[in-house]
$ cat coords00.txt   # compact mmCIF, C-alpha atoms and all ligand atoms
# COMPACT_ATOMS: atom_id res chain seq x y z
CA MET A 243 0.00 0.00 0.00
CA ALA A 244 1.29 3.45 -0.81
CA ALA A 245 2.53 5.34 2.21
CA LEU A 246 0.02 8.16 2.75
CA PHE A 247 0.98 9.05 6.30
CA ASN A 248 3.71 11.46 5.19
CA ASN A 249 1.03 13.99 4.22
CA VAL A 250 -0.96 13.60 7.42
CA TYR A 251 2.02 14.28 9.67
CA GLY A 252 3.80 16.71 7.36
CA LEU A 253 6.81 14.42 7.10
CA PRO A 254 9.59 15.25 4.64
CA GLY A 255 9.72 13.32 1.36
CA THR A 256 7.14 11.74 -0.93
CA ALA A 257 4.98 8.66 -0.43
CA ALA A 258 7.13 6.84 -3.00
CA GLU A 259 10.27 7.64 -1.03
CA TRP A 260 8.75 6.31 2.20
CA ASP A 261 7.70 3.14 0.40
CA ALA A 262 11.15 2.73 -1.12
CA ALA A 263 12.77 3.14 2.32
CA GLY A 264 10.76 0.15 3.59
CA TYR A 265 8.00 1.91 5.53
CA THR A 266 4.35 0.89 5.24
CA ALA A 267 0.88 2.06 6.18
CA ASP A 268 -0.25 -1.55 6.63
CA SER A 269 0.64 -2.40 10.22
CA ALA A 270 -2.20 -3.60 12.46
CA TYR A 271 -0.64 -1.51 15.24
CA GLN A 272 -1.50 1.84 13.82
CA LEU A 273 0.72 4.83 13.24
CA ARG A 274 0.26 7.51 15.85
CA MET A 275 2.49 10.58 16.32
CA THR A 276 2.60 14.05 17.74
CA ASP A 277 3.43 17.01 15.49
CA TYR A 278 6.45 17.61 17.72
CA TYR A 279 7.84 14.09 17.30
CA ALA A 280 7.14 14.17 13.54
CA SER A 281 9.16 17.39 13.35
CA LEU A 282 12.24 15.49 14.57
CA ILE A 283 12.17 13.23 11.50
CA LYS A 284 14.77 14.40 9.00
CA GLU A 285 14.29 12.14 5.98
CA PRO A 286 12.44 9.12 4.59
CA SER A 287 15.29 6.77 5.45
CA ALA A 288 15.50 3.37 7.09
CA GLN A 289 18.29 4.86 9.25
CA ASP A 290 16.42 7.92 10.50
CA PRO A 291 16.31 7.16 14.25
CA VAL A 292 13.02 8.97 14.89
CA ALA A 293 11.26 7.63 11.77
CA ARG A 294 12.32 4.12 12.75
CA GLN A 295 10.76 4.52 16.20
CA GLY A 296 7.60 6.20 14.97
CA VAL A 297 6.68 5.00 11.48
CA PRO A 298 5.66 1.36 10.74
CA ARG A 299 8.12 -0.64 8.66
CA GLY A 300 7.33 -3.56 6.37
CA GLU A 301 9.21 -5.89 8.77
CA GLU A 302 6.45 -5.39 11.35
CA LEU A 303 4.23 -7.71 9.35
CA SER A 304 6.54 -10.63 10.23
CA THR A 305 5.05 -13.08 12.74
CA ALA A 306 8.42 -14.02 14.31
CA GLY A 307 8.50 -13.79 18.12
CA GLU A 308 5.61 -13.84 20.54
CA GLN A 309 2.94 -11.32 21.39
CA ASP A 310 3.21 -11.41 25.17
CA ALA A 311 6.93 -12.27 25.20
CA LEU A 312 7.27 -11.62 28.94
CA GLY A 313 4.24 -13.71 29.87
CA GLU A 314 2.67 -10.74 31.63
CA GLY A 315 -0.86 -11.92 30.93
CA GLY A 316 -0.33 -14.77 33.42
CA HIS A 317 0.26 -12.35 36.30
CA GLU A 318 -2.77 -10.12 35.99
CA PRO A 319 -4.96 -10.84 39.05
CA VAL A 320 -7.21 -7.87 38.24
CA PRO A 321 -7.53 -6.53 34.66
CA GLY A 322 -4.84 -3.90 34.11
CA LEU A 323 -2.89 -4.75 37.29
CA LEU A 324 0.31 -6.76 36.86
CA HIS A 325 1.81 -8.30 39.97
CA VAL A 326 4.92 -10.28 39.09
CA TYR A 327 7.39 -9.24 41.83
CA SER A 328 5.99 -9.11 45.34
CA GLU A 329 7.10 -5.58 46.31
CA ARG A 330 6.17 -3.91 43.03
CA VAL A 331 2.90 -3.66 41.18
CA LEU A 332 2.24 -2.27 37.72
CA LEU A 333 -0.98 -0.46 36.86
CA LEU A 334 -1.78 -0.22 33.16
CA ALA A 335 -3.69 3.01 33.53
CA THR A 336 -4.54 3.42 29.85
CA ASP A 337 -3.75 1.75 26.55
CA HIS A 338 -3.37 5.12 24.87
CA CYS A 339 -0.09 6.81 23.94
CA ALA A 340 0.91 10.09 22.31
CA VAL A 341 3.18 8.18 19.92
CA ASN A 342 2.82 4.50 19.15
CA CYS A 343 6.45 3.38 19.46
CA ARG A 344 7.19 0.76 16.85
CA HIS A 345 9.30 -1.20 19.36
CA CYS A 346 6.50 -1.26 21.98
CA ASN A 347 6.57 -4.48 24.00
CA ARG A 348 2.91 -4.15 24.93
CA ARG A 349 1.69 -3.51 21.41
CA TRP A 350 -0.33 -6.72 21.54
CA ARG A 351 -2.54 -5.22 24.24
CA ARG A 352 -3.64 -2.51 21.85
CA CYS A 353 -5.37 -5.06 19.64
CA GLY A 354 -8.91 -5.38 20.89
CA ARG A 355 -8.62 -4.30 24.52
CA ARG A 356 -9.36 -0.95 26.04
CA LEU A 357 -8.24 -0.13 29.52
CA ALA A 358 -8.52 3.26 31.05
CA ALA A 359 -8.52 4.45 34.61
CA GLN A 360 -12.31 4.25 34.91
CA ASP A 361 -13.67 4.50 38.39
CA SER A 362 -14.67 0.83 38.60
CA THR A 363 -11.26 -0.28 37.31
CA VAL A 364 -9.43 1.87 39.86
CA ALA A 365 -11.69 0.59 42.64
CA GLY A 366 -10.71 -2.99 41.68
CA TRP A 367 -7.01 -2.11 41.80
CA LEU A 368 -7.28 -0.36 45.17
CA ASP A 369 -9.25 -3.30 46.57
CA TYR A 370 -6.47 -5.66 45.51
CA LEU A 371 -3.73 -3.42 46.93
CA HIS A 372 -5.45 -2.50 50.17
CA GLY A 373 -4.33 -5.43 52.31
CA ARG A 374 -1.06 -6.05 50.51
CA THR A 375 1.29 -4.14 52.77
CA GLU A 376 4.33 -5.80 51.16
CA VAL A 377 3.82 -3.56 48.13
CA GLN A 378 6.41 -0.78 48.41
CA GLU A 379 6.03 0.70 44.99
CA VAL A 380 3.23 1.16 42.47
CA LEU A 381 4.23 1.77 38.89
CA ILE A 382 1.62 3.68 36.95
CA THR A 383 2.18 2.91 33.31
CA GLY A 384 0.22 1.79 30.27
CA GLY A 385 0.05 3.06 27.57
CA ASP A 386 1.15 6.47 28.66
CA PRO A 387 -0.54 7.66 31.87
CA LEU A 388 0.39 11.29 31.19
CA THR A 389 -2.08 11.24 28.30
CA LEU A 390 -4.96 10.72 30.80
CA PRO A 391 -7.24 13.68 31.53
CA HIS A 392 -5.80 15.72 34.40
CA ALA A 393 -8.66 14.96 36.78
CA VAL A 394 -8.39 11.20 36.15
CA LEU A 395 -4.63 11.23 36.70
CA GLU A 396 -4.92 13.35 39.83
CA ASP A 397 -7.57 11.05 41.29
CA LEU A 398 -5.58 7.90 40.51
CA VAL A 399 -2.31 9.21 41.92
CA SER A 400 -3.82 10.53 45.13
CA ARG A 401 -5.86 7.37 45.80
CA VAL A 402 -2.84 5.12 45.27
CA ALA A 403 -0.65 7.35 47.47
CA ALA A 404 -3.26 7.14 50.26
CA LEU A 405 -3.17 3.31 50.44
CA PRO A 406 -2.28 1.96 53.91
CA SER A 407 1.25 0.93 52.76
CA ARG A 408 1.83 4.51 51.46
CA PRO A 409 3.51 3.17 48.33
CA VAL A 410 6.10 5.12 46.41
CA ILE A 411 4.67 5.97 43.00
CA ARG A 412 6.65 5.62 39.80
CA ILE A 413 5.13 6.87 36.56
CA GLY A 414 6.33 5.42 33.26
CA SER A 415 5.88 7.95 30.45
CA ARG A 416 7.48 8.95 27.18
CA ILE A 417 5.79 12.36 27.27
CA PRO A 418 9.00 14.38 27.90
CA ALA A 419 10.53 12.81 24.77
CA VAL A 420 7.53 12.77 22.44
CA TRP A 421 5.21 15.56 23.58
CA PRO A 422 7.14 17.98 25.83
CA GLU A 423 4.47 20.69 25.53
CA ARG A 424 2.24 18.42 27.59
CA VAL A 425 4.33 19.16 30.71
CA THR A 426 2.35 22.19 31.86
CA SER A 427 1.75 23.62 35.32
CA ARG A 428 -1.72 22.00 35.17
CA LEU A 429 -0.17 18.59 34.59
CA LEU A 430 2.30 19.13 37.43
CA ARG A 431 -0.55 20.14 39.72
CA SER A 432 -2.34 16.86 39.04
CA LEU A 433 0.74 15.00 40.35
CA ARG A 434 1.04 16.95 43.59
CA GLY A 435 -0.83 14.43 45.73
CA ALA A 436 1.60 11.63 44.92
CA GLY A 437 4.04 11.84 47.83
CA PRO A 438 7.54 10.77 46.82
CA LEU A 439 7.25 10.57 43.06
CA TYR A 440 9.53 9.06 40.44
CA LEU A 441 8.98 9.53 36.73
CA HIS A 442 10.79 7.23 34.35
CA THR A 443 10.86 8.28 30.75
CA GLN A 444 12.47 6.96 27.58
CA PHE A 445 14.95 8.94 25.52
CA ASN A 446 16.66 6.74 22.96
CA CYS A 447 18.62 8.88 20.49
CA PRO A 448 20.37 12.27 20.22
CA ALA A 449 17.68 13.68 17.90
CA GLU A 450 15.26 13.51 20.87
CA CYS A 451 17.54 15.67 23.06
CA THR A 452 16.02 19.04 22.13
CA PRO A 453 15.62 22.34 24.01
CA GLU A 454 11.87 21.61 24.31
CA ALA A 455 12.56 18.24 25.93
CA ALA A 456 15.15 19.82 28.24
CA GLN A 457 12.55 22.34 29.34
CA ALA A 458 9.98 19.62 30.05
CA LEU A 459 12.49 17.64 32.15
CA GLY A 460 13.52 20.85 33.95
CA ARG A 461 9.91 21.57 34.90
CA LEU A 462 9.41 18.07 36.26
CA ALA A 463 12.67 18.22 38.23
CA ASP A 464 11.81 21.68 39.59
CA ALA A 465 8.51 20.23 40.81
CA GLY A 466 10.49 17.80 42.97
CA ILE A 467 9.93 14.76 40.77
CA ASN A 468 12.83 12.29 40.59
CA LEU A 469 13.62 11.54 36.96
CA GLY A 470 14.99 8.34 35.43
CA ASN A 471 15.47 7.12 31.89
CA GLN A 472 14.73 3.64 30.58
CA MET A 473 16.42 3.44 27.19
CA VAL A 474 15.94 0.57 24.76
CA LEU A 475 18.85 -0.60 22.61
CA LEU A 476 17.39 -0.56 19.09
CA ALA A 477 19.09 -1.63 15.87
CA GLY A 478 19.29 1.26 13.42
CA VAL A 479 18.26 3.76 16.12
CA ASN A 480 20.93 3.81 18.83
CA ASP A 481 23.09 0.66 18.55
CA ASP A 482 26.08 2.93 18.70
CA VAL A 483 28.31 3.82 21.67
CA ALA A 484 28.72 7.50 20.76
CA ALA A 485 24.96 8.04 20.35
CA ILE A 486 24.05 6.39 23.65
CA ALA A 487 26.85 8.20 25.51
CA GLN A 488 25.65 11.52 24.11
CA VAL A 489 22.05 10.95 25.21
CA ASN A 490 23.08 9.85 28.69
CA ARG A 491 25.43 12.81 29.24
CA TRP A 492 22.60 15.12 28.16
CA LEU A 493 20.12 13.40 30.49
CA VAL A 494 22.42 13.85 33.49
CA ARG A 495 22.55 17.58 32.76
CA GLN A 496 18.73 17.64 32.77
CA ARG A 497 18.72 15.95 36.21
CA CYS A 498 17.42 12.71 34.71
CA ARG A 499 19.37 9.66 35.84
CA PRO A 500 20.00 6.90 33.26
CA TYR A 501 18.40 3.85 34.91
CA TYR A 502 18.14 0.94 32.47
CA LEU A 503 19.37 0.16 28.99
CA PHE A 504 17.17 -2.71 27.83
CA LEU A 505 17.81 -5.28 25.17
CA PRO A 506 14.61 -5.36 23.10
CA GLU A 507 12.25 -8.23 23.84
CA ARG A 508 11.22 -10.85 21.30
CA VAL A 509 7.88 -9.23 20.67
CA GLN A 510 6.12 -9.97 17.39
CA GLY A 511 6.63 -7.22 14.81
CA THR A 512 9.87 -5.91 16.38
CA ALA A 513 12.48 -8.37 15.07
CA HIS A 514 14.14 -5.64 13.01
CA PHE A 515 15.15 -3.86 16.25
CA GLN A 516 17.05 -6.83 17.70
CA VAL A 517 20.73 -6.31 18.51
CA ASP A 518 23.08 -9.29 18.73
CA PRO A 519 23.67 -9.97 22.46
CA TRP A 520 27.47 -10.09 22.09
CA ARG A 521 27.40 -6.74 20.35
CA ALA A 522 25.22 -5.40 23.16
CA VAL A 523 27.88 -6.57 25.64
CA ALA A 524 30.59 -4.78 23.66
CA ILE A 525 28.50 -1.59 23.66
CA ALA A 526 27.89 -1.90 27.42
CA GLU A 527 31.62 -2.34 28.13
CA ALA A 528 32.62 0.62 25.96
CA LEU A 529 29.99 2.79 27.67
CA ARG A 530 31.14 1.77 31.13
CA LEU A 531 34.74 2.69 30.28
CA GLN A 532 33.90 6.20 29.19
CA LEU A 533 30.84 7.30 31.15
CA SER A 534 30.62 8.55 34.71
CA GLY A 535 28.79 6.16 36.99
CA ILE A 536 26.02 8.74 37.19
CA ALA A 537 25.56 8.61 33.41
CA MET A 538 25.76 4.81 33.15
CA PRO A 539 22.50 2.83 33.09
CA THR A 540 22.29 -0.80 34.16
CA VAL A 541 22.23 -2.82 30.96
CA VAL A 542 19.56 -5.48 31.38
CA VAL A 543 17.66 -8.26 29.66
CA ASP A 544 14.09 -8.59 30.89
CA THR A 545 13.16 -12.26 31.17
CA PRO A 546 9.72 -13.90 30.96
CA ASN A 547 7.54 -15.19 33.78
CA GLY A 548 9.10 -13.27 36.64
CA GLY A 549 12.71 -14.21 35.87
CA GLY A 550 13.75 -10.62 36.51
CA LYS A 551 15.74 -7.97 34.74
CA VAL A 552 19.11 -9.63 34.40
CA PRO A 553 22.25 -7.45 34.23
CA LEU A 554 24.02 -8.13 30.94
CA HIS A 555 27.78 -8.74 30.87
CA ARG A 556 29.92 -11.20 28.96
CA GLY A 557 30.06 -13.64 31.89
CA ALA A 558 26.25 -13.77 32.02
CA LEU A 559 25.88 -15.13 28.49
CA VAL A 560 25.82 -18.84 27.68
CA ALA A 561 26.76 -19.93 24.14
CA ARG A 562 25.46 -23.35 23.11
CA ASP A 563 24.62 -25.00 19.77
CA GLY A 564 25.00 -21.72 17.91
CA ARG A 565 22.53 -19.99 20.22
CA VAL A 566 23.01 -17.50 23.02
CA GLY A 567 21.22 -17.65 26.34
CA ILE A 568 21.26 -15.95 29.70
CA ARG A 569 20.44 -17.34 33.17
CA ASP A 570 17.51 -15.53 34.68
CA LEU A 571 17.43 -14.60 38.37
CA LEU A 572 15.65 -17.87 39.19
CA GLY A 573 18.46 -19.87 37.53
CA ARG A 574 16.56 -20.77 34.37
CA LEU A 575 18.23 -20.55 30.95
CA VAL A 576 16.49 -18.09 28.63
CA TRP A 577 17.42 -18.12 24.93
CA LEU A 578 18.00 -14.73 23.36
CA PRO A 579 16.99 -13.82 19.80
C1 LIG B 601 10.17 -4.04 35.08
C2 LIG B 601 9.10 -4.45 35.96
C3 LIG B 601 8.98 -3.88 37.22
C4 LIG B 601 9.93 -2.84 37.75
O1 LIG B 601 11.23 -3.30 37.83
P1 LIG B 601 12.37 -2.37 38.42
O2 LIG B 601 13.59 -3.24 38.33
O3 LIG B 601 11.99 -2.03 39.81
O4 LIG B 601 12.47 -1.17 37.55
C5 LIG B 601 7.96 -4.33 38.02
N1 LIG B 601 7.08 -5.27 37.60
C6 LIG B 601 7.19 -5.83 36.37
C7 LIG B 601 6.22 -6.87 35.96
C8 LIG B 601 8.20 -5.44 35.51
O5 LIG B 601 8.30 -5.99 34.30
$ encode --input "coords00.txt" --output "structure tokens" --more "lines below"
Ligand SMILES: *Cc1c(COP(=O)(O)O)cnc(C)c1O
Amino acid sequence: MAALFNNVYGLPGTAAEWDAAGYTADSAYQLRMTDYYASLIKEPSAQDPVARQGVPRGEELSTAGEQDALGEGGHEPVPGLLHVYSERVLLLATDHCAVNCRHCNRRWRRCGRRLAAQDSTVAGWLDYLHGRTEVQEVLITGGDPLTLPHAVLEDLVSRVAALPSRPVIRIGSRIPAVWPERVTSRLLRSLRGAGPLYLHTQFNCPAECTPEAAQALGRLADAGINLGNQMVLLAGVNDDVAAIAQVNRWLVRQRCRPYYLFLPERVQGTAHFQVDPWRAVAIAEALRLQLSGIAMPTVVVDTPNGGGKVPLHRGALVARDGRVGIRDLLGRLVWLP
């Protein structure tokens, strides 16, 4: 199908050029962008790091990999609440995002399900959490919770913060990177009832490190919110030591601490983002040699069924029969793509 999206989002280049560069309008997981993020796209090229993250490629139609690669669906005692590790709970507050990242590991949830922080949903979550005093931290994620209406967000955050265990709240959101204008004083006000608040975002490439994004991070930090970054190592986007180092140095200056660098998961439709695990180790070692400890994220592989986020280093990898695996934190061998 001819690429028509370039007109809708005012992208540079012609439909024929987008087609020729391997992009498509055919993905079941639809294209969704902000004008701001579209403005960071420089050219209709398979190597444009922002286009690659935001515009569907033909490779997405491949059925390699699994949908729920982490087996999250098996740990969902209440719809939209994931409880895999005893001290931490994830709330999928919405399935909506400002930009549909092409490497999304929860893209499968977008097909046919709608979750939003409706009153009855929230009541079910709070019911579940009420007696569970072991829960230290509640991660509000999705989807992107900072796309929720202010009143809904404010209500959710304050009700979670008021639980008997007084959990620390961590919000997972790409808003600072993809829609920085969204970080307004009204948005900050809706987060005031949270108590100690952490916000983990996702900056992946130097093109995302703009003055607008810096301003958004500055506003969040000035409001007393602790900022972290969860980067994903993506082939053709940031599988490059200099690019990752540059982003992380910039983040530190914005008072946002690099937290994780993830290997991408084996989620269906994302095979073209996979980075060879040995190459990922080489990147991690080179980064560790040059970056300050403050600028260095923990490089991890997330493993299915509660196996944990396993720190990646050469000693952690197991090579056997031409395949590469890693031992998860429960001692099980997990094969990598
Ligand atoms: C990643 C994840 C968390 C949070 O892990 P941290 O290491 O604390 O960042 C919690 N629950 C689930 C199911 C996760 O996948």
$ atom_distance --input "coords00.txt" --atom1 "CA of Thr545 in chain A" --atom2 "CA of Gln516 in chain A"
15.0 Å
$ residues_around --input "coords00.txt" --residues "Leu368 in chain A" --least-positions-apart "2" --cutoff "8 Å" --atoms "all atoms listed in the file" --output "PyMOL selection string"
chain A and resi 364-366+370-372+401-402+405
$ residues_near_ligand --input "coords00.txt" --ligand "ligand LIG 601 (chain B)" --cutoff "10 Å" --atoms "only C-alpha atoms and all ligand atoms" --output "PDB file with C-alpha atoms, in the frame of the given file"
ATOM      1  CA  LEU A 312       7.270 -11.620  28.940  1.00  0.00           C
ATOM      2  CA  GLY A 313       4.240 -13.710  29.870  1.00  0.00           C
ATOM      3  CA  GLU A 314       2.670 -10.740  31.630  1.00  0.00           C
ATOM      4  CA  HIS A 317       0.260 -12.350  36.300  1.00  0.00           C
ATOM      5  CA  GLU A 318      -2.770 -10.120  35.990  1.00  0.00           C
ATOM      6  CA  LEU A 323      -2.890  -4.750  37.290  1.00  0.00           C
ATOM      7  CA  LEU A 324       0.310  -6.760  36.860  1.00  0.00           C
ATOM      8  CA  HIS A 325       1.810  -8.300  39.970  1.00  0.00           C
ATOM      9  CA  VAL A 326       4.920 -10.280  39.090  1.00  0.00           C
ATOM     10  CA  TYR A 327       7.390  -9.240  41.830  1.00  0.00           C
ATOM     11  CA  SER A 328       5.990  -9.110  45.340  1.00  0.00           C
ATOM     12  CA  GLU A 329       7.100  -5.580  46.310  1.00  0.00           C
ATOM     13  CA  ARG A 330       6.170  -3.910  43.030  1.00  0.00           C
ATOM     14  CA  VAL A 331       2.900  -3.660  41.180  1.00  0.00           C
ATOM     15  CA  LEU A 332       2.240  -2.270  37.720  1.00  0.00           C
ATOM     16  CA  LEU A 333      -0.980  -0.460  36.860  1.00  0.00           C
ATOM     17  CA  GLU A 379       6.030   0.700  44.990  1.00  0.00           C
ATOM     18  CA  VAL A 380       3.230   1.160  42.470  1.00  0.00           C
ATOM     19  CA  LEU A 381       4.230   1.770  38.890  1.00  0.00           C
ATOM     20  CA  ARG A 412       6.650   5.620  39.800  1.00  0.00           C
ATOM     21  CA  GLY A 414       6.330   5.420  33.260  1.00  0.00           C
ATOM     22  CA  HIS A 442      10.790   7.230  34.350  1.00  0.00           C
ATOM     23  CA  GLN A 472      14.730   3.640  30.580  1.00  0.00           C
ATOM     24  CA  TYR A 501      18.400   3.850  34.910  1.00  0.00           C
ATOM     25  CA  TYR A 502      18.140   0.940  32.470  1.00  0.00           C
ATOM     26  CA  THR A 540      22.290  -0.800  34.160  1.00  0.00           C
ATOM     27  CA  VAL A 542      19.560  -5.480  31.380  1.00  0.00           C
ATOM     28  CA  ASP A 544      14.090  -8.590  30.890  1.00  0.00           C
ATOM     29  CA  THR A 545      13.160 -12.260  31.170  1.00  0.00           C
ATOM     30  CA  PRO A 546       9.720 -13.900  30.960  1.00  0.00           C
ATOM     31  CA  ASN A 547       7.540 -15.190  33.780  1.00  0.00           C
ATOM     32  CA  GLY A 548       9.100 -13.270  36.640  1.00  0.00           C
ATOM     33  CA  GLY A 549      12.710 -14.210  35.870  1.00  0.00           C
ATOM     34  CA  GLY A 550      13.750 -10.620  36.510  1.00  0.00           C
ATOM     35  CA  LYS A 551      15.740  -7.970  34.740  1.00  0.00           C
ATOM     36  CA  VAL A 552      19.110  -9.630  34.400  1.00  0.00           C
TER      37      VAL A 552
END
$ atom_distance --input "coords00.txt" --atom1 "CA of Ile467 in chain A" --atom2 "CA of Thr383 in chain A"
16.0 Å
$ closest_residue --input "coords00.txt" --among "A:Gly296, A:Gly557, A:Gly315, A:Pro506" --to "Tyr278 in chain A" --atoms "all atoms listed in the file"
A:Gly296
$ residues_around --input "coords00.txt" --residues "Arg274 in chain A" --least-positions-apart "2" --cutoff "9 Å" --atoms "only C-alpha atoms" --output "PyMOL selection string"
chain A and resi 272+276+296-297+339-343
$ residues_around --input "coords00.txt" --residues "Ala270 in chain A" --least-positions-apart "2" --cutoff "12 Å" --atoms "all atoms listed in the file" --output "NGL selection string"
:A and (266-268 or 272-274 or 298-300 or 302-305 or 342 or 344 or 349-354 or 510-511)
$ atom_distance --input "coords00.txt" --atom1 "CA of Ser269 in chain A" --atom2 "CA of Phe515 in chain A"
15.8 Å
$ residues_around --input "coords00.txt" --residues "range 247-264 of chain A" --least-positions-apart "4" --cutoff "8 Å" --atoms "all atoms listed in the file" --output "mmCIF file with C-alpha atoms, in the frame of the given file"
data_model
loop_
_atom_site.group_PDB
_atom_site.id
_atom_site.type_symbol
_atom_site.label_atom_id
_atom_site.label_comp_id
_atom_site.auth_asym_id
_atom_site.auth_seq_id
_atom_site.Cartn_x
_atom_site.Cartn_y
_atom_site.Cartn_z
ATOM 1 C CA MET A 275 2.490 10.580 16.320
ATOM 2 C CA ASP A 277 3.430 17.010 15.490
ATOM 3 C CA ALA A 280 7.140 14.170 13.540
ATOM 4 C CA SER A 281 9.160 17.390 13.350
ATOM 5 C CA ILE A 283 12.170 13.230 11.500
ATOM 6 C CA LYS A 284 14.770 14.400 9.000
ATOM 7 C CA GLU A 285 14.290 12.140 5.980
ATOM 8 C CA PRO A 286 12.440 9.120 4.590
ATOM 9 C CA SER A 287 15.290 6.770 5.450
ATOM 10 C CA ALA A 288 15.500 3.370 7.090
ATOM 11 C CA ARG A 299 8.120 -0.640 8.660
ATOM 12 C CA GLY A 300 7.330 -3.560 6.370
#
$ closest_residue --input "coords00.txt" --among "A:Ala465, A:His555, A:Arg569, A:Pro448" --to "Ala485 in chain A" --atoms "only C-alpha atoms"
A:Pro448
$ closest_residue --input "coords00.txt" --among "A:Val483, A:Asp337, A:Pro453, A:Trp421" --to "Leu531 in chain A" --atoms "only C-alpha atoms"
A:Val483
$ closest_residue --input "coords00.txt" --among "A:Trp520, A:Gln378, A:Ala526, A:Gly384" --to "Val560 in chain A" --atoms "all atoms listed in the file"
A:Trp520
$ residues_near_point --input "coords00.txt" --point "(26.6, 14.8, 31.9)" --cutoff "12 Å" --atoms "all atoms listed in the file" --output "list in words"
Ala487, Gln488, Val489, Asn490, Arg491, Trp492, Leu493, Val494, Arg495, Gln496, Arg497, Cys498, Arg499, Pro500, Gln532, Leu533, Ser534, Gly535, Ile536, Ala537 and Met538 of chain A
$ closest_residue --input "coords00.txt" --among "A:Ile486, A:Ala561, A:Ala477, A:Leu578" --to "Thr512 in chain A" --atoms "only C-alpha atoms"
A:Ala477
$ residues_around --input "coords00.txt" --residues "Leu429 in chain A" --least-positions-apart "4" --cutoff "7 Å" --atoms "only C-alpha atoms" --output "VMD selection string"
chain A and resid 392 425 433
$ closest_residue --input "coords00.txt" --among "A:Ile417, A:Ala393, A:Leu282, A:Leu441" --to "Ala463 in chain A" --atoms "only C-alpha atoms"
A:Leu441
$ decode --input "coords00.txt" --residues "range 545-562 of chain A" --atoms "C-alpha atoms" --output "PDB file, in the first residue's frame"
ATOM      1  CA  THR A 545      13.155 -12.260  31.167  1.00  0.00           C
ATOM      2  CA  PRO A 546       9.723 -13.897  30.962  1.00  0.00           C
ATOM      3  CA  ASN A 547       7.535 -15.187  33.784  1.00  0.00           C
ATOM      4  CA  GLY A 548       9.097 -13.275  36.637  1.00  0.00           C
ATOM      5  CA  GLY A 549      12.714 -14.213  35.871  1.00  0.00           C
ATOM      6  CA  GLY A 550      13.748 -10.624  36.514  1.00  0.00           C
ATOM      7  CA  LYS A 551      15.737  -7.967  34.738  1.00  0.00           C
ATOM      8  CA  VAL A 552      19.114  -9.631  34.400  1.00  0.00           C
ATOM      9  CA  PRO A 553      22.247  -7.452  34.227  1.00  0.00           C
ATOM     10  CA  LEU A 554      24.023  -8.128  30.942  1.00  0.00           C
ATOM     11  CA  HIS A 555      27.776  -8.744  30.868  1.00  0.00           C
ATOM     12  CA  ARG A 556      29.924 -11.203  28.963  1.00  0.00           C
ATOM     13  CA  GLY A 557      30.057 -13.643  31.888  1.00  0.00           C
ATOM     14  CA  ALA A 558      26.254 -13.770  32.016  1.00  0.00           C
ATOM     15  CA  LEU A 559      25.877 -15.131  28.488  1.00  0.00           C
ATOM     16  CA  VAL A 560      25.824 -18.835  27.685  1.00  0.00           C
ATOM     17  CA  ALA A 561      26.757 -19.926  24.136  1.00  0.00           C
ATOM     18  CA  ARG A 562      25.463 -23.347  23.115  1.00  0.00           C
TER      19      ARG A 562
END
